[in-house]
$ cat query_15.txt   # compact mmCIF, C-alpha atoms
# COMPACT_ATOMS: atom_id res chain seq x y z
CA MET A 1465 -21.50 -5.77 3.54
CA ALA A 1466 -19.33 -8.10 1.48
CA ARG A 1467 -15.59 -7.77 2.19
CA TYR A 1468 -14.34 -9.86 -0.75
CA HIS A 1469 -15.23 -9.60 -4.44
CA GLN A 1470 -14.09 -11.55 -7.52
CA ILE A 1471 -14.44 -9.71 -10.83
CA THR A 1472 -13.70 -10.78 -14.42
CA ALA A 1473 -13.79 -8.06 -17.07
CA ASN A 1474 -13.04 -7.74 -20.77
CA SER A 1475 -11.60 -4.21 -20.60
CA TYR A 1476 -10.24 -1.72 -18.10
CA TYR A 1477 -13.42 0.31 -18.37
CA GLU A 1478 -15.55 -2.77 -17.65
CA ALA A 1479 -13.32 -3.64 -14.68
CA GLY A 1480 -13.87 -0.20 -13.21
CA LYS A 1481 -17.58 -0.18 -13.91
CA SER A 1482 -18.06 -3.57 -12.25
CA LEU A 1483 -16.17 -2.44 -9.16
CA GLY A 1484 -18.00 0.90 -9.16
CA SER A 1485 -21.39 -0.83 -9.31
CA LEU A 1486 -20.51 -3.26 -6.51
CA LYS A 1487 -19.25 -0.53 -4.18
CA ALA A 1488 -21.46 2.40 -5.30
CA SER A 1489 -22.86 3.28 -1.87
CA GLU A 1490 -19.43 3.04 -0.23
CA ILE A 1491 -17.82 5.18 -2.96
CA LYS A 1492 -20.47 7.87 -2.47
CA ARG A 1493 -19.80 7.86 1.27
CA VAL A 1494 -16.04 8.20 0.79
CA LEU A 1495 -16.46 10.89 -1.85
CA GLY A 1496 -19.00 12.80 0.22
CA ASP A 1497 -16.70 12.77 3.21
CA TYR A 1498 -13.84 14.03 1.05
CA LYS A 1499 -15.87 16.82 -0.54
CA SER A 1500 -17.02 18.12 2.85
CA SER A 1501 -13.54 18.02 4.43
CA ASP A 1502 -11.37 20.95 5.45
CA PHE A 1503 -8.64 19.43 3.33
CA ARG A 1504 -10.76 19.73 0.21
CA CYS A 1505 -11.41 23.39 1.02
CA ALA A 1506 -7.64 23.92 1.18
CA VAL A 1507 -7.23 22.13 -2.15
CA LEU A 1508 -9.89 24.31 -3.80
CA ARG A 1509 -8.15 27.43 -2.53
CA TYR A 1510 -4.90 26.17 -4.02
CA LEU A 1511 -6.57 25.27 -7.33
CA ALA A 1512 -7.92 28.82 -7.53
CA THR A 1513 -4.33 30.06 -7.89
CA GLU A 1514 -2.42 30.16 -11.15
CA GLU A 1515 0.24 27.78 -9.82
CA GLY A 1516 -2.38 25.35 -8.53
CA GLN A 1517 -4.17 25.29 -11.87
CA ARG A 1518 -0.89 24.71 -13.69
CA GLN A 1519 0.20 21.79 -11.52
CA TYR A 1520 -3.23 20.14 -11.47
CA LYS A 1521 -3.49 20.38 -15.25
CA GLU A 1522 -0.02 18.90 -15.61
CA LEU A 1523 -0.93 15.94 -13.39
CA ASN A 1524 -4.11 15.38 -15.41
CA ASN A 1525 -2.26 15.53 -18.72
CA THR A 1526 0.42 13.10 -17.52
CA VAL A 1527 -2.18 10.58 -16.43
CA ARG A 1528 -4.08 10.76 -19.73
CA MET A 1529 -0.87 10.43 -21.74
CA ARG A 1530 0.87 7.70 -19.74
CA CYS A 1531 -1.92 5.84 -17.90
CA ALA A 1532 -4.77 5.90 -20.42
CA GLU A 1533 -6.01 2.43 -19.47
CA TYR A 1534 -6.38 3.48 -15.82
CA VAL A 1535 -8.18 6.65 -16.85
CA ASP A 1536 -10.64 4.32 -18.58
CA GLU A 1537 -10.85 2.23 -15.42
CA LEU A 1538 -11.52 5.25 -13.23
CA GLN A 1539 -14.16 6.45 -15.71
CA GLY A 1540 -15.76 3.02 -15.34
CA VAL A 1541 -15.77 3.41 -11.55
CA ALA A 1542 -17.43 6.81 -11.97
CA ASP A 1543 -20.10 5.47 -14.32
CA GLY A 1544 -20.71 2.32 -12.25
CA SER A 1545 -21.15 4.30 -9.03
CA ASP A 1546 -22.97 7.25 -10.64
CA CYS A 1547 -20.26 9.66 -9.50
CA ASP A 1548 -18.40 12.39 -11.36
CA TYR A 1549 -15.04 11.37 -12.87
CA ASN A 1550 -13.44 14.72 -12.05
CA ASP A 1551 -14.35 14.35 -8.38
CA LEU A 1552 -12.83 10.86 -8.29
CA PHE A 1553 -9.69 12.04 -10.08
CA GLU A 1554 -9.28 14.88 -7.60
CA MET A 1555 -9.60 12.39 -4.73
CA ASN A 1556 -7.00 10.10 -6.36
CA VAL A 1557 -4.39 12.86 -6.48
CA ASP A 1558 -4.88 13.86 -2.82
CA CYS A 1559 -1.26 12.84 -2.09
CA GLU A 1560 0.01 15.27 -4.72
CA MET A 1561 -2.22 18.06 -3.44
CA THR A 1562 -0.95 17.40 0.08
CA ALA A 1563 2.64 17.71 -1.15
CA ALA A 1564 1.85 20.84 -3.19
CA ILE A 1565 0.28 22.78 -0.35
CA GLU A 1566 2.68 21.36 2.27
CA LEU A 1567 -0.23 20.38 4.51
CA VAL A 1568 1.47 18.01 6.95
CA PRO A 1569 0.54 17.77 10.64
CA VAL A 1570 3.09 18.78 13.24
CA ALA A 1571 1.49 16.84 16.07
CA SER A 1572 -1.21 14.76 14.37
CA HIS A 1573 -4.01 16.67 16.10
CA GLY A 1574 -7.30 17.56 14.44
CA VAL A 1575 -6.30 16.36 11.00
CA SER A 1576 -9.17 16.36 8.50
CA TYR A 1577 -10.04 13.22 6.61
CA LEU A 1578 -8.23 12.10 3.46
CA ALA A 1579 -5.33 14.54 3.51
CA TYR A 1580 -3.42 11.82 5.33
CA MET A 1581 -5.13 8.61 4.29
CA ASP A 1582 -1.93 6.60 4.23
CA GLY A 1583 -0.09 5.96 7.48
CA CYS A 1584 0.90 2.34 7.20
CA THR A 1585 3.53 0.11 8.81
CA ASN A 1586 5.68 -2.54 7.12
CA VAL A 1587 7.60 -5.21 9.05
CA SER A 1588 9.70 -8.01 7.58
CA ILE A 1589 11.52 -10.82 9.36
CA GLN A 1590 14.15 -12.93 7.62
CA THR A 1591 14.78 -16.22 9.41
CA PRO A 1592 18.23 -17.81 9.80
CA GLY A 1593 17.04 -20.44 7.34
CA GLY A 1594 16.33 -17.81 4.68
CA ASN A 1595 12.54 -17.48 4.67
CA VAL A 1596 10.84 -14.08 4.96
CA TYR A 1597 7.70 -13.22 6.88
CA PHE A 1598 6.14 -9.87 6.04
CA GLY A 1599 3.34 -7.84 7.56
CA HIS A 1600 1.57 -4.65 6.47
CA THR A 1601 -1.01 -2.56 8.33
CA GLU A 1602 -3.29 -0.41 6.19
CA ASP A 1603 -4.06 2.73 8.17
CA ILE A 1604 -6.77 5.03 6.83
CA SER A 1605 -9.48 7.39 8.00
CA PRO A 1606 -11.59 6.02 10.88
CA GLN A 1607 -14.71 7.15 9.01
CA ILE A 1608 -14.17 4.64 6.22
CA LYS A 1609 -12.08 1.85 7.72
CA ASP A 1610 -14.99 -0.59 7.66
CA LEU A 1611 -15.78 0.14 3.98
CA SER A 1612 -12.58 -1.39 2.59
CA CYS A 1613 -12.49 -4.83 1.00
CA MET A 1614 -10.32 -7.37 -0.80
CA VAL A 1615 -10.78 -7.65 -4.56
CA THR A 1616 -9.55 -10.30 -6.99
CA MET A 1617 -9.58 -8.84 -10.49
CA GLU A 1618 -8.99 -10.54 -13.84
CA ILE A 1619 -8.88 -8.34 -16.94
CA ARG A 1620 -8.85 -9.86 -20.44
CA ASP A 1621 -8.14 -8.25 -23.79
CA GLY A 1622 -10.05 -8.49 -27.08
CA ASN A 1623 -8.43 -11.88 -27.78
CA ASN A 1624 -9.61 -13.21 -24.42
CA GLN A 1625 -6.04 -13.23 -23.10
CA VAL A 1626 -5.50 -12.39 -19.43
CA ILE A 1627 -3.57 -9.11 -19.21
CA GLU A 1628 -3.93 -8.53 -15.46
CA HIS A 1629 -4.86 -10.79 -12.56
CA TRP A 1630 -4.33 -9.65 -8.98
CA THR A 1631 -5.77 -9.59 -5.46
CA ASP A 1632 -5.62 -6.29 -3.58
CA PHE A 1633 -6.90 -4.40 -0.54
CA VAL A 1634 -9.19 -1.71 -1.97
CA VAL A 1635 -10.60 1.51 -0.54
CA PRO A 1636 -13.82 2.41 -2.45
CA GLY A 1637 -13.28 5.24 -4.91
CA LEU A 1638 -9.48 4.92 -4.93
CA LEU A 1639 -7.55 3.06 -7.60
CA PRO A 1640 -6.30 -0.36 -6.48
CA GLY A 1641 -2.56 -0.95 -6.14
CA SER A 1642 -1.32 1.33 -3.36
CA LYS A 1643 -2.12 -0.88 -0.34
CA PHE A 1644 -1.22 -4.59 -0.07
CA GLY A 1645 -1.86 -7.71 -2.14
CA PHE A 1646 -0.28 -9.93 -4.81
CA ASN A 1647 -0.60 -10.75 -8.51
CA LYS A 1648 -0.64 -13.80 -10.79
CA HIS A 1649 3.13 -13.52 -11.32
CA GLY A 1650 3.74 -14.30 -7.65
CA VAL A 1651 4.73 -10.73 -6.78
CA MET A 1652 3.58 -9.83 -3.24
CA PHE A 1653 3.58 -6.26 -2.00
CA GLY A 1654 2.84 -3.81 0.81
CA HIS A 1655 3.23 -0.09 0.01
CA ASN A 1656 3.81 2.84 2.35
CA ASN A 1657 3.16 6.57 2.23
CA VAL A 1658 5.99 9.08 2.66
CA TYR A 1659 5.11 12.74 3.27
CA GLN A 1660 7.28 14.38 0.62
CA GLN A 1661 8.35 18.00 0.64
CA GLY A 1662 7.40 19.49 -2.73
CA LEU A 1663 5.87 17.95 -5.83
CA ASN A 1664 6.96 16.66 -9.24
CA ALA A 1665 3.88 17.80 -11.14
CA ALA A 1666 5.23 16.25 -14.35
CA GLY A 1667 5.36 12.83 -12.70
CA ILE A 1668 2.79 10.06 -12.46
CA PRO A 1669 0.51 10.50 -9.42
CA ARG A 1670 1.37 7.77 -7.00
CA LYS A 1671 -2.05 6.07 -6.92
CA PHE A 1672 -1.81 5.75 -10.70
CA MET A 1673 1.78 4.54 -10.31
CA GLY A 1674 0.68 1.98 -7.74
CA ARG A 1675 -2.07 0.84 -10.09
CA SER A 1676 0.45 0.32 -12.92
CA LEU A 1677 2.71 -1.76 -10.65
CA LEU A 1678 -0.07 -4.30 -10.08
CA LYS A 1679 0.92 -5.96 -13.35
CA ALA A 1680 4.67 -6.10 -12.61
CA ARG A 1681 6.08 -9.52 -13.52
CA SER A 1682 8.94 -9.20 -11.04
CA THR A 1683 10.61 -6.82 -8.62
CA GLU A 1684 13.03 -5.84 -11.39
CA ASP A 1685 10.08 -5.01 -13.60
CA ALA A 1686 8.67 -2.74 -10.87
CA ILE A 1687 12.04 -1.00 -10.41
CA ALA A 1688 12.27 -0.38 -14.16
CA ILE A 1689 8.78 1.17 -14.16
CA LEU A 1690 9.66 3.45 -11.23
CA LYS A 1691 12.93 4.52 -12.87
CA THR A 1692 11.30 5.43 -16.19
CA PRO A 1693 10.96 9.22 -16.67
CA PRO A 1694 9.01 11.23 -15.61
CA GLY A 1695 8.96 9.05 -12.49
CA ILE A 1696 6.55 9.38 -9.62
CA ALA A 1697 4.85 12.67 -8.71
CA SER A 1698 5.11 12.39 -4.91
CA ALA A 1699 6.98 10.03 -2.61
CA TYR A 1700 6.12 6.44 -1.79
CA SER A 1701 7.80 3.32 -0.40
CA PHE A 1702 7.28 -0.02 -2.13
CA ASN A 1703 7.98 -3.44 -0.59
CA PHE A 1704 8.02 -6.37 -3.02
CA LEU A 1705 8.43 -10.04 -2.16
CA GLU A 1706 8.86 -13.11 -4.35
CA ARG A 1707 9.67 -16.80 -3.98
CA THR A 1708 11.67 -18.86 -6.46
CA THR A 1709 10.01 -21.62 -8.42
CA ASN A 1710 11.77 -24.20 -6.23
CA GLY A 1711 9.90 -22.81 -3.25
CA PHE A 1712 11.95 -21.78 -0.26
CA HIS A 1713 14.43 -19.19 -1.58
CA VAL A 1714 12.79 -15.79 -1.43
CA LYS A 1715 13.43 -12.14 -2.28
CA ASN A 1716 12.58 -9.13 -0.14
CA THR A 1717 13.11 -5.71 -1.74
CA LEU A 1718 12.35 -2.26 -0.37
CA ILE A 1719 12.12 0.58 -2.92
CA GLU A 1720 11.82 4.25 -2.01
CA ALA A 1721 10.81 6.69 -4.77
CA ALA A 1722 10.61 10.47 -4.62
CA GLY A 1723 8.86 12.95 -6.89
CA CYS A 1724 11.91 14.70 -8.27
CA SER A 1725 11.77 17.14 -11.20
CA SER A 1726 15.22 16.14 -12.49
CA THR A 1727 15.56 14.09 -15.69
CA GLU A 1728 16.37 10.94 -13.69
CA PRO A 1729 13.71 9.72 -11.24
CA MET A 1730 14.97 9.34 -7.67
CA VAL A 1731 14.75 5.67 -6.67
CA ALA A 1732 16.62 3.82 -3.88
CA VAL A 1733 16.66 0.00 -3.71
CA PHE A 1734 17.42 -1.79 -0.44
CA LYS A 1735 17.52 -5.49 0.49
CA PRO A 1736 16.27 -5.86 4.09
CA ARG A 1737 17.94 -8.47 6.26
CA GLY A 1738 16.98 -9.79 9.69
CA PHE A 1739 14.30 -7.64 11.34
CA TYR A 1740 13.25 -4.57 9.34
CA HIS A 1741 10.49 -1.97 9.63
CA HIS A 1742 9.33 1.06 7.66
CA CYS A 1743 7.01 3.81 8.97
CA ASN A 1744 6.32 6.57 6.42
CA MET A 1745 9.80 8.10 6.52
CA PHE A 1746 12.67 7.84 4.04
CA GLN A 1747 15.36 5.51 5.36
CA HIS A 1748 17.52 5.10 2.26
CA LEU A 1749 16.73 7.96 -0.10
CA ASP A 1750 18.33 11.34 0.50
CA PHE A 1751 15.29 13.51 -0.13
CA PRO A 1752 13.39 15.86 2.22
CA CYS A 1753 10.22 14.49 3.78
CA HIS A 1754 7.97 15.35 6.72
CA PRO A 1755 8.21 12.77 9.53
CA GLU A 1756 5.02 13.15 11.54
CA GLU A 1757 4.48 12.17 15.16
CA SER A 1758 2.79 8.80 14.67
CA SER A 1759 5.57 7.60 12.36
CA ILE A 1760 8.24 8.50 14.90
CA HIS A 1761 6.39 6.74 17.73
CA ARG A 1762 5.67 3.60 15.71
CA ALA A 1763 9.29 3.35 14.61
CA ALA A 1764 10.42 3.61 18.24
CA THR A 1765 8.02 0.86 19.30
CA LEU A 1766 9.14 -1.43 16.48
CA ALA A 1767 12.79 -0.87 17.33
CA ASN A 1768 12.13 -2.65 20.64
CA TYR A 1769 11.45 -5.86 18.73
CA VAL A 1770 14.94 -5.88 17.22
CA ASN A 1771 16.25 -7.39 20.45
CA VAL A 1772 13.65 -10.16 20.26
CA PHE A 1773 14.86 -10.98 16.78
CA GLN A 1774 18.56 -10.86 17.67
CA VAL A 1775 18.16 -13.26 20.59
CA ASN A 1776 16.36 -15.81 18.44
CA HIS A 1777 18.61 -15.22 15.46
CA LEU A 1778 21.57 -16.64 17.42
CA ASP A 1779 19.83 -19.98 17.95
CA PRO A 1780 22.28 -22.72 16.87
CA ASP A 1781 19.41 -24.67 15.31
CA ARG A 1782 18.74 -22.57 12.21
CA ASP A 1783 15.19 -23.88 11.89
CA ALA A 1784 14.25 -23.97 15.56
CA TRP A 1785 12.97 -20.41 15.76
CA GLU A 1786 10.62 -20.81 12.85
CA LYS A 1787 9.18 -24.02 14.31
CA ARG A 1788 9.37 -23.12 17.98
CA SER A 1789 5.64 -22.66 18.63
CA PRO A 1790 2.89 -24.37 16.66
CA GLY A 1791 0.75 -22.32 14.32
CA THR A 1792 -2.89 -21.77 15.12
CA ALA A 1793 -5.10 -24.35 13.53
CA THR A 1794 -7.07 -21.63 11.79
CA THR A 1795 -4.14 -20.01 9.99
CA GLN A 1796 -3.40 -21.38 6.55
CA ASN A 1797 0.28 -22.25 6.00
CA SER A 1798 1.08 -20.80 9.40
CA GLY A 1799 4.71 -20.24 10.30
CA GLY A 1800 3.92 -20.91 13.91
CA GLY A 1801 6.09 -18.73 16.12
CA LEU A 1802 6.84 -16.15 13.45
CA ASN A 1803 3.25 -15.74 12.36
CA ASP A 1804 2.39 -15.21 16.01
CA LEU A 1805 5.30 -12.78 16.46
CA LEU A 1806 4.21 -10.73 13.44
CA ARG A 1807 0.67 -10.57 14.77
CA GLN A 1808 2.01 -9.44 18.14
CA ILE A 1809 4.11 -6.72 16.52
CA LEU A 1810 1.44 -5.40 14.18
CA SER A 1811 -1.25 -5.35 16.89
CA ASP A 1812 0.96 -3.56 19.45
CA THR A 1813 -0.92 -0.85 21.39
CA HIS A 1814 1.56 -0.16 24.20
CA ASP A 1815 2.05 3.42 23.02
CA VAL A 1816 -1.35 4.76 24.09
CA LYS A 1817 -1.20 7.94 22.02
CA PHE A 1818 0.41 6.65 18.80
CA PRO A 1819 0.26 2.83 18.68
CA VAL A 1820 1.34 0.56 15.86
CA TYR A 1821 -2.22 -0.80 15.67
CA ARG A 1822 -4.08 2.47 15.25
CA SER A 1823 -7.55 3.29 16.62
CA GLY A 1824 -8.12 6.76 15.16
CA LEU A 1825 -8.60 8.22 18.65
CA GLU A 1826 -7.00 11.59 19.37
CA PRO A 1827 -4.24 12.55 19.33
CA ASP A 1828 -3.82 9.98 16.54
CA TYR A 1829 -5.96 10.46 13.46
CA LEU A 1830 -5.91 7.23 11.43
CA ALA A 1831 -7.18 3.71 12.13
CA THR A 1832 -5.89 0.31 11.03
CA ALA A 1833 -8.45 -0.96 8.52
CA GLY A 1834 -6.71 -4.15 7.45
CA THR A 1835 -3.56 -6.17 7.94
CA GLY A 1836 -1.79 -8.54 5.58
CA VAL A 1837 0.57 -11.23 6.92
CA TYR A 1838 2.70 -13.15 4.40
CA ASN A 1839 4.70 -16.36 4.72
CA VAL A 1840 6.68 -15.78 1.54
CA ALA A 1841 8.16 -19.25 1.02
CA ALA A 1842 4.78 -20.89 1.62
CA GLY A 1843 3.06 -18.36 -0.63
CA SER A 1844 0.38 -17.51 1.91
CA CYS A 1845 -1.35 -14.19 2.52
CA ASP A 1846 -3.61 -13.93 5.57
CA VAL A 1847 -5.87 -10.88 5.77
CA TYR A 1848 -7.30 -9.49 9.00
CA PHE A 1849 -9.86 -6.69 9.12
CA ASN A 1850 -9.66 -6.66 12.93
CA MET A 1851 -6.35 -7.94 14.22
CA ALA A 1852 -7.19 -6.65 17.69
CA SER A 1853 -9.18 -9.85 18.18
CA ASP A 1854 -7.51 -13.23 18.60
CA GLY A 1855 -9.62 -14.85 15.91
CA PRO A 1856 -8.51 -16.43 12.64
CA PRO A 1857 -7.83 -14.35 9.52
CA ASP A 1858 -10.87 -13.10 7.64
CA PHE A 1859 -9.38 -14.45 4.42
CA SER A 1860 -6.44 -16.71 3.54
CA PHE A 1861 -5.07 -16.60 0.00
CA THR A 1862 -2.52 -18.78 -1.77
CA VAL A 1863 -0.02 -16.74 -3.80
CA PRO A 1864 1.25 -18.24 -7.08
CA LYS A 1865 4.96 -18.93 -7.47
CA SER A 1866 6.94 -16.49 -9.59
CA THR A 1867 6.32 -16.79 -13.33
CA VAL A 1868 9.85 -15.59 -14.05
CA CYS A 1869 13.24 -16.85 -12.92
CA VAL A 1870 13.88 -15.30 -9.51
CA PRO A 1871 17.55 -15.36 -8.47
CA ASN A 1872 18.18 -16.85 -5.04
$ encode --input "query_15.txt" --output "structure tokens"
Amino acid sequence: MARYHQITANSYYEAGKSLGSLKASEIKRVLGDYKSSDFRCAVLRYLATEEGQRQYKELNNTVRMRCAEYVDELQGVADGSDCDYNDLFEMNVDCEMTAAIELVPVASHGVSYLAYMDGCTNVSIQTPGGNVYFGHTEDISPQIKDLSCMVTMEIRDGNNQVIEHWTDFVVPGLLPGSKFGFNKHGVMFGHNNVYQQGLNAAGIPRKFMGRSLLKARSTEDAIAILKTPPGIASAYSFNFLERTTNGFHVKNTLIEAAGCSSTEPMVAVFKPRGFYHHCNMFQHLDFPCHPEESSIHRAATLANYVNVFQVNHLDPDRDAWEKRSPGTATTQNSGGGLNDLLRQILSDTHDVKFPVYRSGLEPDYLATAGTGVYNVAAGSCDVYFNMASDGPPDFSFTVPKSTVCVPN
């Protein structure tokens, strides 16, 4: 099975249809697993209620009014894979249904597939010299972890002008944009689920929001999109990274957004410094969420690495830490010691029950399907489908420099 696809399309519908055709068998597997899940049964019970019907209809109307191009894209996926659009739409608002029915695990035991597809980890390290290294683990259902792939998509308009060009980690049947990747404007990203309490049914479902952010020209552009009413429907955490056109000066921005029904969307912007990690819990936004057991354990494990960072951070040679150990010969643009440190952190399995690098074995319920490791100043993105091995990355991508002026 191919794990990387390059697609050029002349419309959003064509983009979706091409992707749907390429991944048809995988999409049917994912959709079949969803439709037979206990979670889907709970969703159908909720949709049989008056309140459930109202909220689902509101989500659908918002998407058609504010994300028409991505409705076309999802219709293309449905046609290309010979699946029903309504089934795919339902699967793409699973986060909102989870928030609506408050179905969040207390102890992460016996959780049915898809209700909790997103359980990712973000780690960033800022060196004394100012560079940023960033890593993201994409944690999804064990049943489908080997079906995911990387996709480079270019979409042109009727005048043959490129309107979107990005590379993204894609789960078949789900809209791109909510995992990790980068775009032609040099914006790199790794996004994280937050289990929100309650739902903003008038908001944009977060997979559609993530899809719209794929075309962001800058972090500021992404923030403006997230702050535009009606905002997001259910919570998410967004990490964006950029490098200036002169190369080494970089930006690292963490954005938390909640599905709030007030007139002003709830968005918190934070600039991580030093060693920073994020595990599916609000850290900067004052809004109720459900921290589940894996998130708490992963955060505790990652906190142990703060001491490693602090010891090295005090090195009088500001560049010594970054250059201390040579990079592996197989890693493009390797940062040596820091690339190795990020790999060590993101593949940590010391917590047998709830490790950072997840296996999907009980009592945990998700598995790490892919990992992205970025050297921001170098503009490199290394992708691993199995970081548990000591081998080279499955793919190494070069990220363009920012197409806009990025302040230092």
$ residues_around --input "query_15.txt" --residues "segment 1595-1609 of chain A" --least-positions-apart "6" --cutoff "7 Å" --atoms "only C-alpha atoms" --output "NGL selection string"
:A and (1494 or 1577-1578 or 1581-1589 or 1643 or 1654 or 1712-1714 or 1806 or 1810 or 1824 or 1830-1841)
$ atom_distance --input "query_15.txt" --atom1 "atom CA of Phe1734 of chain A" --atom2 "atom CA of Leu1718 of chain A"
5.1 Å
$ axis_aligned_box --input "query_15.txt" --around "segment 1599-1614 of chain A" --padding-each-side "4 Å" --output "lines of an AutoDock Vina configuration file"
center_x = -6.2
center_y = -0.2
center_z = 5.0
size_x = 27.1
size_y = 23.2
size_z = 19.7
$ atom_distance --input "query_15.txt" --atom1 "atom CA of Val1863 of chain A" --atom2 "atom CA of Lys1735 of chain A"
21.3 Å
$ atom_distance --input "query_15.txt" --atom1 "atom CA of Ser1642 of chain A" --atom2 "atom CA of Arg1707 of chain A"
21.2 Å
$ residues_near_point --input "query_15.txt" --point "(-2.8, 5.7, 15.7)" --cutoff "9 Å" --atoms "all atoms listed in the file" --output "list in words"
Gly1583, Asp1603, Ser1758, Arg1762, Thr1813, Val1816, Lys1817, Phe1818, Pro1819, Val1820, Tyr1821, Arg1822, Ser1823, Gly1824, Leu1825, Glu1826, Pro1827, Asp1828, Tyr1829, Leu1830, Ala1831 and Thr1832 of chain A
$ closest_residue --input "query_15.txt" --among "A:Ile1471, A:Cys1547, A:Ala1564, A:Phe1859" --to "Leu1511 of chain A" --atoms "all atoms listed in the file"
A:Ala1564
$ closest_residue --input "query_15.txt" --among "A:Lys1648, A:Leu1802, A:Ile1687, A:Gly1695" --to "Gly1843 of chain A" --atoms "all atoms listed in the file"
A:Lys1648
$ residues_around --input "query_15.txt" --residues "Gly1650 of chain A" --least-positions-apart "6" --cutoff "10 Å" --atoms "all atoms listed in the file" --output "PyMOL selection string"
chain A and resi 1630+1680-1682+1705-1709+1840+1843+1862-1868
